[in-house]
Structures are given as C-alpha cells and as structure tokens.
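Enquirer: I am attaching a structure below and will ask some questions about it afterwards.
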Amino acid sequence: MWRRRAGALLRVWGFWPPGVPGRRPLSCDPASQAGGNSPLCWNCGSPGGPGRENGFFCPQCRALQAPDPTRDYFSLMDCNCSFRVDTVKLQHRYQQLQRLVHPDFFSQRSQTEKDFSEKHSTLVNDAYKTLLAPLSRGLYLVSK
C-alpha cells in the first residue's frame with residue numbers, strides 16, 4: 001500500500017528512482033534538481049530540451065539537443081554520487097552514451113546537431129575519464 005502511494009508521489013513531484021525506463025535518474029547535484037521552465041527544442045520549438053527525459057533528444061522531432069550545463073558527471077554516467085563506483089557499469093554506460101551521441105553518427109545531420117554531438121561526446125569522455133580514476137573521482141567529489 002505505501003509503495004504505491006510513494007510511487008505516485010514521486011511521479012507527481014517529477015522524481016523517480018534510478019533505473020526506471022523513461023525517467024532521468026535523481027542527481028546528487030542540487031542545481032540539476034531545481035525545477036523551472038524546460039527549454040524549447042531548437043528544431044521544432046516543443047518543450048523537450050535538456051531538462052526532459054534523457055536530455056539528449058527532443059521527444060517530438062528526435063533532434064539532438066544542447067547538453068544540460070547543470071548535469072553532473074555522476075548523473076550523466078548513471079552512478080551513485082559516492083567514491084565507490086562500479087567501473088564495469090561505468091564502462092558500459094560510457095559505450096552506451098557514445099553510441100547515442102558520437103559525432104560519426106551525425107555526419108548527415110545539420111551543423112547544429114553536429115556541434116551538439118561534439119559537445120555531448122566531449123562531456124561524456126570527460127565524465128568517463130574523471131570517474132574512472134580514483135584520484136580524479138575524489139577531487140571531483142570534493143569540488144562539488
């Protein structure tokens with residue numbers, strides 16, 4: 001009984017536990033949890049920018065969107081915000097994200113999507129390198 005009520009409240013408030021398809025995992029960064037108006041898609045104008053769903057593609061026209069500047073590395077790589085990180089899971093997530101946003105897959109798209117693809121790919125690379133090495137992961141945690 002309580003589980004259903006808690007799940008309903010989480011849905012209403014816009015939060016949902018990590019691992020549930022179609023929902024962005026909760027971030028440990030308070031800035032990324034802040035509500036507000038979601039940006040519009042640069043291509044079709046519908047609401048569906050970085051703050052919606054996975055933050056990569058517009059739900060209407062499937063155009064690649066600009067990276068979310070408030071998203072931290074842990075939420076991007078779908079990891080717990082702690083020093084202990086499952087490196088195998090991290091590597092799988094890295095490969096999954098690169099299959100989504102690598103610039104090679106956007107060679108026939110508009111220049112805007114090519115630019116966004118390069119930014120996303122760079123962000124994913126930086127997040128992977130930072131969270132993979134224990135020293136850089138610790139420094140990143142301390143700097144947050």
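Lettering and numbering for the structure tokens are positional, with chains as A, B, ... in the shown order, residues counted from 1 in each chain, and ligands counted from 1 in the shown order.
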Once DSSP has gone over the backbone, tell me which residues of segment 47-118 of chain A are in alpha helix (DSSP H), as a list in words.
Expert: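 Restricting segment 47-118 of chain A to alpha helix (DSSP H) produces Tyr73, Phe74, Ser75, Leu76, Thr87, Val88, Lys89, Leu90, Gln91, His92, Arg93, Tyr94, Gln95, Gln96, Leu97, Gln98, Arg99, Leu100, Val101, Gln111, Thr112, Glu113, Lys114, Asp115, Phe116, Ser117 and Glu118 of chain A.
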Enquirer: If we count only C-alpha atoms, what is near segment 83-98 of chain A at a cut-off of 10 Å, once residues fewer than 3 positions away on the same chain are taken out, given as an MDAnalysis selection string?
Expert: chainID A and resid 56 74 76:80 101:105 117 120:122 124:125 127:129 131:135 137:141
Enquirer: Of the candidates A:Leu40, A:Arg109, A:Gly55, A:Pro47, which one gets nearest to Thr70 of chain A if we count only C-alpha atoms?
Expert: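 Of all the options, A:Gly55 lies closest to Thr70 of chain A.
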Enquirer: Give me, please, the distance in Å between atom CA of Leu123 of chain A and atom CA of Leu100 of chain A, quoted to one decimal.
Expert: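 If I compute the distance from atom CA of Leu123 of chain A to atom CA of Leu100 of chain A, I get 12.9 Å.
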Enquirer: Mind giving me the straight-line distance from atom CA of Asp126 of chain A to atom CA of Val142 of chain A in Å, one decimal?
Expert: 16.8 Å
Enquirer: Atom CA of Arg99 of chain A and atom CA of Arg62 of chain A are how many Å apart?
Expert: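 Atom-to-atom, atom CA of Arg99 of chain A to atom CA of Arg62 of chain A, that is 15.3 Å.
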